[in-house]
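Novice: Please find coords.json (JSON, C-alpha atoms) on the next line:
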```json
[["chain", "number", "residue", "atom", "x", "y", "z"],
["S", 111, "MET", "CA", -13.62, -19.21, -22.75],
["S", 112, "LYS", "CA", -10.59, -16.98, -22.12],
["S", 113, "LYS", "CA", -11.48, -16.74, -18.43],
["S", 114, "VAL", "CA", -11.64, -20.53, -18.03],
["S", 115, "LEU", "CA", -8.37, -21.01, -19.90],
["S", 116, "LEU", "CA", -6.71, -18.32, -17.80],
["S", 117, "ALA", "CA", -7.98, -19.96, -14.58],
["S", 118, "ILE", "CA", -6.57, -23.32, -15.71],
["S", 119, "VAL", "CA", -3.19, -21.72, -16.43],
["S", 120, "LEU", "CA", -3.21, -19.98, -13.04],
["S", 121, "PHE", "CA", -3.99, -23.27, -11.26],
["S", 122, "LEU", "CA", -1.08, -25.10, -12.95],
["S", 123, "PRO", "CA", 1.50, -24.24, -10.25],
["S", 124, "LEU", "CA", -0.85, -25.66, -7.60],
["S", 125, "LEU", "CA", -1.35, -28.80, -9.69],
["S", 126, "TYR", "CA", 2.42, -29.12, -10.13],
["S", 127, "LEU", "CA", 2.97, -28.64, -6.39],
["S", 128, "SER", "CA", 0.35, -31.27, -5.56],
["S", 129, "LEU", "CA", 1.79, -33.78, -8.02],
["S", 130, "GLU", "CA", 5.31, -33.33, -6.66],
["S", 131, "LEU", "CA", 4.20, -33.67, -3.04],
["S", 132, "PHE", "CA", 1.57, -36.39, -3.22],
["S", 133, "ILE", "CA", 2.14, -38.42, -6.39],
["S", 134, "PHE", "CA", 5.84, -38.33, -7.27],
["S", 135, "GLN", "CA", 6.94, -37.73, -3.66],
["S", 136, "ASP", "CA", 10.27, -36.49, -4.94],
["S", 137, "VAL", "CA", 10.58, -33.64, -2.41],
["S", 138, "THR", "CA", 13.08, -33.90, 0.46],
["S", 139, "ASP", "CA", 11.83, -30.86, 2.44],
["S", 140, "PRO", "CA", 8.08, -30.39, 1.77],
["S", 141, "ILE", "CA", 7.69, -27.25, 3.89],
["S", 142, "LYS", "CA", 10.53, -25.44, 2.11],
["S", 143, "TYR", "CA", 9.24, -26.69, -1.25],
["S", 144, "ILE", "CA", 5.75, -25.33, -0.56],
["S", 145, "TYR", "CA", 7.29, -22.01, 0.53],
["S", 146, "THR", "CA", 9.23, -21.81, -2.71],
["S", 147, "ILE", "CA", 6.43, -22.75, -5.12],
["S", 148, "THR", "CA", 3.71, -20.67, -3.45],
["S", 149, "GLY", "CA", 5.95, -17.67, -2.81],
["S", 150, "VAL", "CA", 7.44, -17.50, -6.28],
["S", 151, "THR", "CA", 4.07, -18.12, -7.93],
["S", 152, "ALA", "CA", 2.38, -15.39, -5.86],
["S", 153, "THR", "CA", 5.16, -12.95, -6.69],
["S", 154, "VAL", "CA", 5.16, -13.69, -10.41],
["S", 155, "ILE", "CA", 1.37, -13.46, -10.66],
["S", 156, "LEU", "CA", 1.29, -10.19, -8.73],
["S", 157, "PHE", "CA", 3.98, -8.73, -10.97],
["S", 158, "ILE", "CA", 1.98, -9.84, -13.99],
["S", 159, "THR", "CA", -1.03, -7.91, -12.67],
["S", 160, "ILE", "CA", 0.94, -4.65, -12.57],
["S", 161, "THR", "CA", 2.42, -5.19, -16.03],
["S", 162, "LEU", "CA", -0.92, -5.84, -17.75],
["S", 163, "SER", "CA", -1.42, -2.17, -18.54],
["S", 164, "LEU", "CA", 2.05, -2.05, -20.11],
["S", 165, "ILE", "CA", 1.36, -4.86, -22.58],
["S", 166, "THR", "CA", -2.20, -4.02, -23.67],
["S", 167, "LYS", "CA", -0.97, -3.20, -27.20],
["S", 168, "TRP", "CA", 0.10, -6.82, -27.63],
["S", 169, "ILE", "CA", -2.06, -8.79, -25.19],
["S", 170, "ASN", "CA", -5.13, -7.21, -23.64],
["S", 171, "LEU", "CA", -5.93, -8.95, -20.37],
["S", 172, "ILE", "CA", -6.93, -5.83, -18.41],
["S", 173, "LYS", "CA", -10.49, -7.09, -17.87],
["S", 174, "TYR", "CA", -8.98, -10.14, -16.13],
["S", 175, "ARG", "CA", -6.64, -8.15, -13.86],
["S", 176, "ARG", "CA", -8.85, -8.60, -10.79],
["S", 177, "MET", "CA", -9.05, -12.36, -11.33],
["S", 178, "ILE", "CA", -5.29, -12.62, -11.87],
["S", 179, "GLY", "CA", -4.63, -10.51, -8.77],
["S", 180, "LEU", "CA", -6.91, -12.72, -6.68],
["S", 181, "PHE", "CA", -4.98, -15.77, -7.85],
["S", 182, "GLY", "CA", -1.81, -14.01, -6.72],
["S", 183, "PHE", "CA", -3.46, -13.52, -3.34],
["S", 184, "LEU", "CA", -4.48, -17.19, -3.28],
["S", 185, "TYR", "CA", -0.86, -18.28, -3.63],
["S", 186, "ALA", "CA", 0.26, -15.72, -1.02],
["S", 187, "PHE", "CA", -2.42, -17.09, 1.31],
["S", 188, "LEU", "CA", -1.18, -20.65, 0.71],
["S", 189, "HIS", "CA", 2.34, -19.38, 1.46],
["S", 190, "PHE", "CA", 1.09, -17.95, 4.77],
["S", 191, "LEU", "CA", -0.88, -21.12, 5.61],
["S", 192, "ASN", "CA", 2.29, -23.16, 5.04],
["S", 193, "PHE", "CA", 4.03, -20.94, 7.59],
["S", 194, "TYR", "CA", 1.20, -21.00, 10.13],
["S", 195, "ILE", "CA", 0.03, -24.63, 9.83],
["S", 196, "LEU", "CA", 3.05, -26.68, 8.78],
["S", 197, "ASP", "CA", 6.00, -24.63, 10.00],
["S", 198, "ALA", "CA", 4.55, -23.04, 13.17],
["S", 199, "GLU", "CA", 2.16, -25.96, 13.82],
["S", 200, "LEU", "CA", -0.70, -23.55, 14.68],
["S", 201, "ASP", "CA", 1.35, -21.99, 17.52],
["S", 202, "PHE", "CA", 0.33, -18.33, 17.42],
["S", 203, "ALA", "CA", 3.01, -17.36, 19.96],
["S", 204, "PHE", "CA", 5.66, -18.92, 17.70],
["S", 205, "VAL", "CA", 4.29, -16.97, 14.73],
["S", 206, "ILE", "CA", 4.51, -13.69, 16.66],
["S", 207, "LYS", "CA", 8.02, -14.50, 17.92],
["S", 208, "GLU", "CA", 9.28, -15.47, 14.46],
["S", 209, "THR", "CA", 7.65, -12.43, 12.89],
["S", 210, "LEU", "CA", 9.32, -10.09, 15.35],
["S", 211, "ASP", "CA", 12.70, -11.88, 15.39],
["S", 212, "LYS", "CA", 13.26, -12.26, 11.66],
["S", 213, "PRO", "CA", 13.07, -9.13, 9.50],
["S", 214, "PHE", "CA", 12.26, -11.06, 6.33],
["S", 215, "ILE", "CA", 9.17, -12.54, 7.99],
["S", 216, "TYR", "CA", 7.76, -9.23, 9.20],
["S", 217, "LEU", "CA", 8.34, -7.71, 5.76],
["S", 218, "GLY", "CA", 6.41, -10.63, 4.30],
["S", 219, "MET", "CA", 3.66, -10.18, 6.90],
["S", 220, "ILE", "CA", 3.29, -6.47, 6.13],
["S", 221, "ALA", "CA", 3.03, -7.29, 2.43],
["S", 222, "PHE", "CA", 0.51, -10.05, 3.20],
["S", 223, "PHE", "CA", -1.71, -7.66, 5.19],
["S", 224, "ILE", "CA", -1.64, -5.23, 2.26],
["S", 225, "LEU", "CA", -2.70, -8.09, -0.03],
["S", 226, "ILE", "CA", -5.53, -9.05, 2.34],
["S", 227, "PHE", "CA", -6.81, -5.46, 2.21],
["S", 228, "MET", "CA", -6.58, -5.44, -1.58],
["S", 229, "ALA", "CA", -8.35, -8.79, -1.92],
["S", 230, "ILE", "CA", -11.19, -7.68, 0.37],
["S", 231, "THR", "CA", -11.62, -4.36, -1.45],
["S", 232, "SER", "CA", -11.42, -5.78, -4.96],
["S", 233, "THR", "CA", -15.19, -6.06, -5.39],
["S", 234, "LYS", "CA", -16.67, -3.52, -7.80],
["S", 235, "ARG", "CA", -18.37, -1.50, -5.06],
["S", 236, "LEU", "CA", -15.40, -1.41, -2.68],
["S", 237, "PHE", "CA", -12.83, -0.94, -5.43],
["S", 238, "LYS", "CA", -14.44, 2.37, -6.44],
["S", 239, "LYS", "CA", -14.10, 3.56, -2.85],
["S", 240, "TYR", "CA", -10.54, 2.25, -2.24],
["S", 241, "LYS", "CA", -9.05, 2.46, -5.75],
["S", 242, "ASN", "CA", -6.25, 4.84, -4.72],
["S", 243, "TYR", "CA", -5.16, 2.49, -1.94],
["S", 244, "HIS", "CA", -4.65, -0.30, -4.48],
["S", 245, "LYS", "CA", -1.47, 1.49, -5.51],
["S", 246, "LEU", "CA", -0.02, -0.04, -2.34],
["S", 247, "ILE", "CA", 0.63, -3.09, -4.52],
["S", 248, "TYR", "CA", 3.88, -1.45, -5.59],
["S", 249, "PHE", "CA", 4.97, -1.09, -1.96],
["S", 250, "ALA", "CA", 3.88, -4.67, -1.22],
["S", 251, "LEU", "CA", 5.84, -5.99, -4.20],
["S", 252, "GLY", "CA", 8.91, -4.12, -3.00],
["S", 253, "LEU", "CA", 8.53, -5.74, 0.43],
["S", 254, "ILE", "CA", 7.95, -9.14, -1.17],
["S", 255, "THR", "CA", 11.12, -8.77, -3.21],
["S", 256, "ILE", "CA", 13.17, -7.92, -0.13],
["S", 257, "HIS", "CA", 11.44, -10.76, 1.76],
["S", 258, "PHE", "CA", 12.39, -13.19, -1.01],
["S", 259, "ILE", "CA", 16.03, -12.10, -1.16],
["S", 260, "MET", "CA", 16.46, -12.11, 2.63],
["S", 261, "ALA", "CA", 14.85, -15.54, 2.95],
["S", 262, "GLN", "CA", 17.43, -16.98, 0.53],
["S", 263, "LYS", "CA", 20.26, -15.61, 2.73],
["S", 264, "SER", "CA", 22.38, -14.91, -0.35],
["S", 265, "LEU", "CA", 22.20, -12.82, -3.50],
["S", 266, "THR", "CA", 22.38, -14.91, -6.66],
["S", 267, "ILE", "CA", 22.59, -13.86, -10.30],
["S", 268, "LEU", "CA", 18.96, -14.89, -10.71],
["S", 269, "GLN", "CA", 17.91, -12.59, -7.87],
["S", 270, "ILE", "CA", 19.92, -9.71, -9.33],
["S", 271, "ILE", "CA", 18.15, -10.25, -12.67],
["S", 272, "TYR", "CA", 14.86, -10.36, -10.76],
["S", 273, "VAL", "CA", 15.59, -7.03, -9.04],
["S", 274, "LEU", "CA", 16.65, -5.46, -12.35],
["S", 275, "LEU", "CA", 13.42, -6.69, -13.93],
["S", 276, "ILE", "CA", 11.45, -5.11, -11.09],
["S", 277, "LEU", "CA", 13.29, -1.82, -11.59],
["S", 278, "VAL", "CA", 12.56, -1.90, -15.34],
["S", 279, "ILE", "CA", 8.86, -2.60, -14.66],
["S", 280, "GLY", "CA", 8.80, 0.22, -12.08],
["S", 281, "TYR", "CA", 10.45, 2.60, -14.54],
["S", 282, "CYS", "CA", 7.98, 1.66, -17.29],
["S", 283, "LYS", "CA", 5.01, 2.10, -14.95],
["S", 284, "LEU", "CA", 6.31, 5.51, -13.83],
["S", 285, "LEU", "CA", 6.85, 6.54, -17.44],
["S", 286, "GLN", "CA", 3.34, 5.34, -18.30],
["S", 287, "GLN", "CA", 1.91, 7.41, -15.41],
["S", 288, "ILE", "CA", 3.76, 10.54, -16.60],
["S", 289, "ILE", "CA", 2.59, 10.05, -20.19],
["S", 290, "ASN", "CA", -1.03, 9.46, -19.10],
["S", 291, "LYS", "CA", -0.95, 12.50, -16.83],
["S", 292, "ASN", "CA", 0.35, 14.72, -19.63],
["S", 293, "LYS", "CA", -2.33, 13.47, -22.07],
["S", 294, "ILE", "CA", -5.04, 14.75, -19.75],
["S", 295, "LEU", "CA", -3.48, 18.21, -19.43]]
```
Represent the structure from my file as structure tokens, please.

Specialist:
Amino acid sequence: MKKVLLAIVLFLPLLYLSLELFIFQDVTDPIKYIYTITGVTATVILFITITLSLITKWINLIKYRRMIGLFGFLYAFLHFLNFYILDAELDFAFVIKETLDKPFIYLGMIAFFILIFMAITSTKRLFKKYKNYHKLIYFALGLITIHFIMAQKSLTILQIIYVLLILVIGYCKLLQQIINKNKIL
């Protein structure tokens, strides 16, 4: 039951996006709107996946971390598809040119390729083999954060709060790693 409820919650941003685009039609720039909703949703969900181990005392969702992470990948994939299909109009040469010309795009692409690797290797059998490489999520989230800030072309209070939140999460994860390492010794 928890899994179904969690899946419904994780599909809500997609439902909201669909309603705004196709029912209410209240969006002036659909491509930018899709970028925003899918990008922010992917980022938030991916950050939730790395904070699950920090909040297990209060809410234990560790057994759903893979599912939550795959939903984060889904939204990142939708973000990429928006770029490739709607923005680039399936022009691969344009995609390559934009990726090389704009630093925020190639940072996003690098992060996306890391997420593809993680999604592919998230099966039980492959995860055992590539578990250590899944720590690349921290690097990918750093790239995603820079990608997000550079895409906005300005630094707002909200983005500063976002960066501070990321630093706090990073500090807590590092502290957790140090504590866990010392428990073993």

Novice: CA of Lys291 (chain S) to CA of Ile158 (chain S): how many Å, to one decimal?

Specialist: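 It comes out at 22.7 Å.
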
Novice: So, with only C-alpha atoms as the atoms that count, which of S:Ile220, S:Ile147, S:Ile247, S:Leu124 lies closest to Thr159 (chain S)?

Specialist: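 Selected residue with least distance to Thr159 (chain S): S:Ile247.
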
Novice: CA of Ile254 (chain S) to CA of Leu277 (chain S): how many Å, to one decimal?

Specialist: 13.8 Å

Novice: Can you pull out the residues contacting region 163-180 of chain S? Cut-off 9 Å, using only C-alpha atoms, and skip same-chain residues under 3 positions away; I want them as a count of residues only.

Specialist: 20

Novice: In Å to one decimal, how far is CA of Gly149 (chain S) from CA of Tyr194 (chain S)?

Specialist: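 Separation of CA of Tyr194 (chain S) and CA of Gly149 (chain S): 14.2 Å.
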
Novice: Find the spatial neighbours of Pro213 (chain S), counting all atoms listed in the file, within a cut-off of 12 Å - ignore same-chain residues fewer than 2 positions away - and output them as a list in words.

Specialist: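 What passes the distance filter is Lys207, Glu208, Thr209, Leu210, Asp211, Ile215, Tyr216, Leu217, Gly218, Met219, Ile220, Leu253, Ile254, Ile256, His257, Phe258, Ile259, Met260, Ala261 and Lys263 of chain S.
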
Novice: Could you take the residues named above and write them with C-alpha atoms, as a short mmCIF file (atom, residue, chain, number, x, y, z; two decimals), keeping the file's coordinate frame?

Specialist:
```cif
data_model
loop_
_atom_site.label_atom_id
_atom_site.label_comp_id
_atom_site.auth_asym_id
_atom_site.auth_seq_id
_atom_site.Cartn_x
_atom_site.Cartn_y
_atom_site.Cartn_z
CA LYS S 207 8.02 -14.50 17.92
CA GLU S 208 9.28 -15.47 14.46
CA THR S 209 7.65 -12.43 12.89
CA LEU S 210 9.32 -10.09 15.35
CA ASP S 211 12.70 -11.88 15.39
CA ILE S 215 9.17 -12.54 7.99
CA TYR S 216 7.76 -9.23 9.20
CA LEU S 217 8.34 -7.71 5.76
CA GLY S 218 6.41 -10.63 4.30
CA MET S 219 3.66 -10.18 6.90
CA ILE S 220 3.29 -6.47 6.13
CA LEU S 253 8.53 -5.74 0.43
CA ILE S 254 7.95 -9.14 -1.17
CA ILE S 256 13.17 -7.92 -0.13
CA HIS S 257 11.44 -10.76 1.76
CA PHE S 258 12.39 -13.19 -1.01
CA ILE S 259 16.03 -12.10 -1.16
CA MET S 260 16.46 -12.11 2.63
CA ALA S 261 14.85 -15.54 2.95
CA LYS S 263 20.26 -15.61 2.73
#
```

Novice: Kindly indicate which residue among S:Leu188, S:Phe157, S:Leu122, S:Ile226 lies nearest to Val273 (chain S), using only C-alpha atoms for the distances.

Specialist: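 Looking only at the distances to Val273 (chain S), the closest residue turns out to be S:Phe157.
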
Novice: Compare S:Tyr272, S:Phe134, S:Phe202, S:Phe193 by their minimum atom-to-atom distance to Leu251 (chain S), counting only C-alpha atoms, and give me the closest one.

Specialist: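 Closest to Leu251 (chain S) of all the choices is S:Tyr272.
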
Novice: Excluding region 141-144 of chain S and its own-chain neighbours fewer than 2 positions away, which residues fall within 7 Å of it when counting all atoms listed in the file? Please give them as a tab-separated table (two decimals) with C-alpha atoms, in the frame of the given file.

Specialist:
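Below you can see out-v1.tsv, which holds the result:
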```tsv
chain	number	residue	atom	x	y	z
S	139	ASP	CA	11.83	-30.86	2.44
S	146	THR	CA	9.23	-21.81	-2.71
S	147	ILE	CA	6.43	-22.75	-5.12
S	148	THR	CA	3.71	-20.67	-3.45
S	192	ASN	CA	2.29	-23.16	5.04
S	196	LEU	CA	3.05	-26.68	8.78
S	197	ASP	CA	6.00	-24.63	10.00
```

Novice: So, with only C-alpha atoms as the atoms that count, which of S:Phe190, S:Val150, S:Leu236, S:Lys293 lies closest to Gln269 (chain S)?

Specialist: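 Looking at the shortest contact to Gln269 (chain S), the residue is S:Val150.
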
Novice: Grab all the atoms of region 159-176 of chain S that the file lists, wrap them in a box along x, y and z, add 8 Å per side, and give me centre plus edge lengths in Å (one decimal) as JSON.

Specialist:
```
{"center_x": -4.0, "center_y": -6.1, "center_z": -19.2, "size_x": 28.9, "size_y": 24.1, "size_z": 32.8}
```

Novice: Looking at only C-alpha atoms, which of S:Pro140, S:Leu115, S:Tyr281, S:Ala221 is the one that sits closest to Leu127 (chain S)?

Specialist: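 Answer, going by the shortest atom-to-atom distance: S:Pro140.
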
Novice: Name the closest residue to Thr153 (chain S) among the candidates S:Leu191, S:Leu131, S:Ile230, S:Ala186; distances are taken between atoms, counting all atoms listed in the file.

Specialist: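 Among S:Leu191, S:Leu131, S:Ile230, S:Ala186, it is S:Ala186 that comes nearest to Thr153 (chain S).
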
Novice: For region 272-289 of chain S, which lacks atoms in the input, supply N, CA and C atoms and format the output as an mmCIF file, in the frame of the given file.

Specialist:
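Result written to part-v6.cif:
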```cif
data_model
loop_
_atom_site.group_PDB
_atom_site.id
_atom_site.type_symbol
_atom_site.label_atom_id
_atom_site.label_comp_id
_atom_site.auth_asym_id
_atom_site.auth_seq_id
_atom_site.Cartn_x
_atom_site.Cartn_y
_atom_site.Cartn_z
ATOM 1 N N TYR S 272 16.210 -10.588 -11.266
ATOM 2 C CA TYR S 272 14.860 -10.360 -10.760
ATOM 3 C C TYR S 272 14.692 -8.913 -10.296
ATOM 4 N N VAL S 273 15.637 -8.410 -9.526
ATOM 5 C CA VAL S 273 15.590 -7.030 -9.040
ATOM 6 C C VAL S 273 15.675 -6.051 -10.213
ATOM 7 N N LEU S 274 16.545 -6.328 -11.170
ATOM 8 C CA LEU S 274 16.650 -5.460 -12.350
ATOM 9 C C LEU S 274 15.343 -5.445 -13.137
ATOM 10 N N LEU S 275 14.707 -6.600 -13.245
ATOM 11 C CA LEU S 275 13.420 -6.690 -13.930
ATOM 12 C C LEU S 275 12.362 -5.851 -13.203
ATOM 13 N N ILE S 276 12.384 -5.905 -11.887
ATOM 14 C CA ILE S 276 11.450 -5.110 -11.090
ATOM 15 C C ILE S 276 11.702 -3.620 -11.321
ATOM 16 N N LEU S 277 12.968 -3.235 -11.354
ATOM 17 C CA LEU S 277 13.290 -1.820 -11.590
ATOM 18 C C LEU S 277 12.845 -1.374 -12.975
ATOM 19 N N VAL S 278 13.003 -2.230 -13.976
ATOM 20 C CA VAL S 278 12.560 -1.900 -15.340
ATOM 21 C C VAL S 278 11.037 -1.751 -15.365
ATOM 22 N N ILE S 279 10.323 -2.687 -14.717
ATOM 23 C CA ILE S 279 8.860 -2.600 -14.660
ATOM 24 C C ILE S 279 8.447 -1.312 -13.950
ATOM 25 N N GLY S 280 9.102 -1.020 -12.827
ATOM 26 C CA GLY S 280 8.800 0.220 -12.080
ATOM 27 C C GLY S 280 9.039 1.449 -12.928
ATOM 28 N N TYR S 281 10.143 1.472 -13.661
ATOM 29 C CA TYR S 281 10.450 2.600 -14.540
ATOM 30 C C TYR S 281 9.382 2.742 -15.627
ATOM 31 N N CYS S 282 9.003 1.629 -16.236
ATOM 32 C CA CYS S 282 7.980 1.660 -17.290
ATOM 33 C C CYS S 282 6.633 2.130 -16.755
ATOM 34 N N LYS S 283 6.271 1.669 -15.556
ATOM 35 C CA LYS S 283 5.010 2.100 -14.950
ATOM 36 C C LYS S 283 5.045 3.602 -14.636
ATOM 37 N N LEU S 284 6.164 4.080 -14.128
ATOM 38 C CA LEU S 284 6.310 5.510 -13.830
ATOM 39 C C LEU S 284 6.221 6.327 -15.115
ATOM 40 N N LEU S 285 6.898 5.879 -16.146
ATOM 41 C CA LEU S 285 6.850 6.540 -17.440
ATOM 42 C C LEU S 285 5.427 6.554 -17.989
ATOM 43 N N GLN S 286 4.728 5.428 -17.848
ATOM 44 C CA GLN S 286 3.340 5.340 -18.300
ATOM 45 C C GLN S 286 2.461 6.338 -17.539
ATOM 46 N N GLN S 287 2.679 6.464 -16.225
ATOM 47 C CA GLN S 287 1.910 7.410 -15.410
ATOM 48 C C GLN S 287 2.160 8.848 -15.876
ATOM 49 N N ILE S 288 3.411 9.192 -16.158
ATOM 50 C CA ILE S 288 3.760 10.540 -16.600
ATOM 51 C C ILE S 288 3.127 10.831 -17.950
ATOM 52 N N ILE S 289 3.175 9.871 -18.860
ATOM 53 C CA ILE S 289 2.590 10.050 -20.190
ATOM 54 C C ILE S 289 1.070 10.215 -20.082
#
```
